[in-house]
Amino acid sequence: ARLVLNPDGWKAEKFVIEELKKLREQYDHVDVMTHSLGSWIILKADVKVESLYLIASPIGFSTLIARNIVRLNVGTPKIKTDKLFFIYSDKDLVSCFPPEVKGKWLLNAGYSEIINTGTSHDLIKYLTYLHGQTNYFLPY
């Protein structure tokens with residue numbers, strides 16, 4: 001509702017997408033990590049990134065109505081990535097139902113992984129879980 005009903009939500013979306021495009025023009029390698037509303041916004045950015053970490057994305061919202069509102073608003077995601085990490089939690093009401101990572105939700109990724117952290121919606125808890133799983137953040 002914050003994004004759809006609040007005019008500042010649309011401003012935030014526009015700002016994030018424009019800044020990501022600037023980063024993409026400036027750097028050869030761009031990885032993106034988002035949480036919650038940021039995951040919703042970033043799916044609409046028409047850019048290509050190397051790795052995309054979608055943490056607690058509302059495209060997996062617990063209620064069917066909210067999940068469909070988000071997915072309809074995203075439509076067909078515009079962002080493309082080489083590696084997709086869809087990080088959700090079956091205990092998080094905002095992201096307890098991950099999408100099938102195929103078709104439009106694959107985002108053209110050559111590699112994808114769905115990770116269930118079993119945590120609440122708190123970003124710190126998601127990151128703490130991921131920090132304990134060293135294979136998710138290997139250096140290049």
# chains A, B, ... in the order shown; residues from 1 in each chain; ligands from 1
call {"tool": "closest_atom_pairs", "arguments": {"of": "range 20-106 of chain A", "to": "range 114-125 of chain A", "cutoff": "12 Å", "atoms": "only C-alpha atoms", "output": "CSV"}}
result
residue,atom,partner,partner_atom,distance
A:Met33,CA,A:Leu123,CA,11.1
A:Thr34,CA,A:Leu123,CA,9.6
A:His35,CA,A:Leu123,CA,6.9
A:Ser36,CA,A:His121,CA,8.3
A:Leu37,CA,A:His121,CA,11.6
A:Gly38,CA,A:Leu123,CA,11.8
A:Leu52,CA,A:Ile114,CA,11.9
A:Tyr53,CA,A:Ile114,CA,10.1
A:Leu54,CA,A:Ile114,CA,9.7
A:Ile55,CA,A:Leu123,CA,7.9
A:Ala56,CA,A:His121,CA,6.6
A:Ser57,CA,A:His121,CA,9.8
A:Pro58,CA,A:His121,CA,10.6
A:Gly60,CA,A:Asn116,CA,12.0
A:Phe61,CA,A:His121,CA,11.2
A:Lys83,CA,A:Ile114,CA,11.3
A:Leu84,CA,A:Ile114,CA,8.4
A:Phe85,CA,A:Ile114,CA,6.0
A:Phe86,CA,A:Ile114,CA,4.8
A:Ile87,CA,A:Ile115,CA,4.7
A:Tyr88,CA,A:Asn116,CA,5.1
A:Ser89,CA,A:Gly118,CA,4.7
A:Asp90,CA,A:Gly118,CA,5.8
A:Lys91,CA,A:Gly118,CA,5.7
A:Asp92,CA,A:Ser120,CA,4.9
A:Leu93,CA,A:His121,CA,7.5
A:Val94,CA,A:His121,CA,7.0
A:Ser95,CA,A:His121,CA,8.0
A:Cys96,CA,A:Asn116,CA,8.8
A:Phe97,CA,A:Asn116,CA,10.0
A:Pro98,CA,A:Ile114,CA,7.7
A:Pro99,CA,A:Ile114,CA,9.1
A:Glu100,CA,A:Ile114,CA,9.0
A:Val101,CA,A:Ile114,CA,7.8
A:Lys102,CA,A:Ile114,CA,11.4
A:Trp105,CA,A:Ile114,CA,11.6
A:Leu106,CA,A:Ile114,CA,10.8
call {"tool": "residues_around", "arguments": {"residues": "range 68-75 of chain A", "least_positions_apart": "5", "cutoff": "7 Å", "atoms": "only C-alpha atoms", "output": "number ranges by chain"}}
result
A: 43-44, 58-59
call {"tool": "atom_distance", "arguments": {"atom1": "CA of Asp28 in chain A", "atom2": "CA of Trp40 in chain A"}}
result
24.1 Å
call {"tool": "select_by_dssp", "arguments": {"residues": "chain A", "states": "alpha helix (DSSP H)", "output": "MDAnalysis selection string"}}
result
chainID A and resid 2:5 7:26 37:42 64:74 123:131
call {"tool": "select_by_dssp", "arguments": {"residues": "chain A", "states": "strand (DSSP E or B)", "output": "list in words"}}
result
Asp31, Val32, Met33, Thr34, His35, Lys48, Val49, Glu50, Ser51, Leu52, Tyr53, Leu54, Ile55, Lys80, Thr81, Asp82, Lys83, Leu84, Phe85, Phe86, Ile87, Tyr88, Tyr111, Ser112, Glu113, Ile114, Ile115 and Asn116 of chain A
call {"tool": "atom_distance", "arguments": {"atom1": "CA of Val49 in chain A", "atom2": "CA of Lys21 in chain A"}}
result
10.0 Å
call {"tool": "atom_distance", "arguments": {"atom1": "CA of Tyr126 in chain A", "atom2": "CA of Glu113 in chain A"}}
result
15.3 Å
call {"tool": "residues_around", "arguments": {"residues": "range 11-19 of chain A", "least_positions_apart": "4", "cutoff": "7 Å", "atoms": "only C-alpha atoms", "output": "PDB file with all heavy atoms, in the first residue's frame"}}
result
ATOM      1  N   PRO A   7       1.883   8.950  -2.914  1.00  0.00           N
ATOM      2  CA  PRO A   7       2.631   9.613  -3.997  1.00  0.00           C
ATOM      3  C   PRO A   7       4.138   9.598  -3.768  1.00  0.00           C
ATOM      4  O   PRO A   7       4.913   9.533  -4.704  1.00  0.00           O
ATOM      5  CB  PRO A   7       2.094  11.050  -3.995  1.00  0.00           C
ATOM      6  CG  PRO A   7       0.798  10.987  -3.289  1.00  0.00           C
ATOM      7  CD  PRO A   7       0.876   9.825  -2.333  1.00  0.00           C
ATOM      8  N   LEU A  23      24.431   4.104 -11.729  1.00  0.00           N
ATOM      9  CA  LEU A  23      25.483   3.186 -11.284  1.00  0.00           C
ATOM     10  C   LEU A  23      25.883   2.237 -12.411  1.00  0.00           C
ATOM     11  O   LEU A  23      27.059   1.943 -12.606  1.00  0.00           O
ATOM     12  CB  LEU A  23      25.019   2.389 -10.070  1.00  0.00           C
ATOM     13  CG  LEU A  23      24.915   3.148  -8.763  1.00  0.00           C
ATOM     14  CD1 LEU A  23      24.215   2.295  -7.705  1.00  0.00           C
ATOM     15  CD2 LEU A  23      26.298   3.575  -8.287  1.00  0.00           C
ATOM     16  N   ILE A  41      10.378  -2.543  -5.817  1.00  0.00           N
ATOM     17  CA  ILE A  41      10.774  -1.439  -6.695  1.00  0.00           C
ATOM     18  C   ILE A  41      11.801  -1.889  -7.729  1.00  0.00           C
ATOM     19  O   ILE A  41      11.669  -1.599  -8.912  1.00  0.00           O
ATOM     20  CB  ILE A  41      11.330  -0.265  -5.861  1.00  0.00           C
ATOM     21  CG1 ILE A  41      10.205   0.405  -5.073  1.00  0.00           C
ATOM     22  CG2 ILE A  41      12.044   0.746  -6.746  1.00  0.00           C
ATOM     23  CD1 ILE A  41      10.689   1.435  -4.063  1.00  0.00           C
ATOM     24  N   ILE A  42      12.810  -2.599  -7.298  1.00  0.00           N
ATOM     25  CA  ILE A  42      13.937  -2.925  -8.178  1.00  0.00           C
ATOM     26  C   ILE A  42      13.517  -3.831  -9.332  1.00  0.00           C
ATOM     27  O   ILE A  42      14.133  -3.810 -10.399  1.00  0.00           O
ATOM     28  CB  ILE A  42      15.107  -3.524  -7.359  1.00  0.00           C
ATOM     29  CG1 ILE A  42      16.439  -3.161  -7.990  1.00  0.00           C
ATOM     30  CG2 ILE A  42      14.978  -5.016  -7.193  1.00  0.00           C
ATOM     31  CD1 ILE A  42      16.795  -1.709  -7.894  1.00  0.00           C
ATOM     32  N   ALA A  45      13.065  -1.959 -12.581  1.00  0.00           N
ATOM     33  CA  ALA A  45      14.182  -1.212 -13.166  1.00  0.00           C
ATOM     34  C   ALA A  45      14.649  -1.895 -14.445  1.00  0.00           C
ATOM     35  O   ALA A  45      14.990  -3.077 -14.441  1.00  0.00           O
ATOM     36  CB  ALA A  45      15.338  -1.114 -12.169  1.00  0.00           C
TER      37      ALA A  45
END
call {"tool": "residues_around", "arguments": {"residues": "Lys80 in chain A", "least_positions_apart": "2", "cutoff": "6 Å", "atoms": "only C-alpha atoms", "output": "NGL selection string"}}
result
:A and (48 or 107-108)
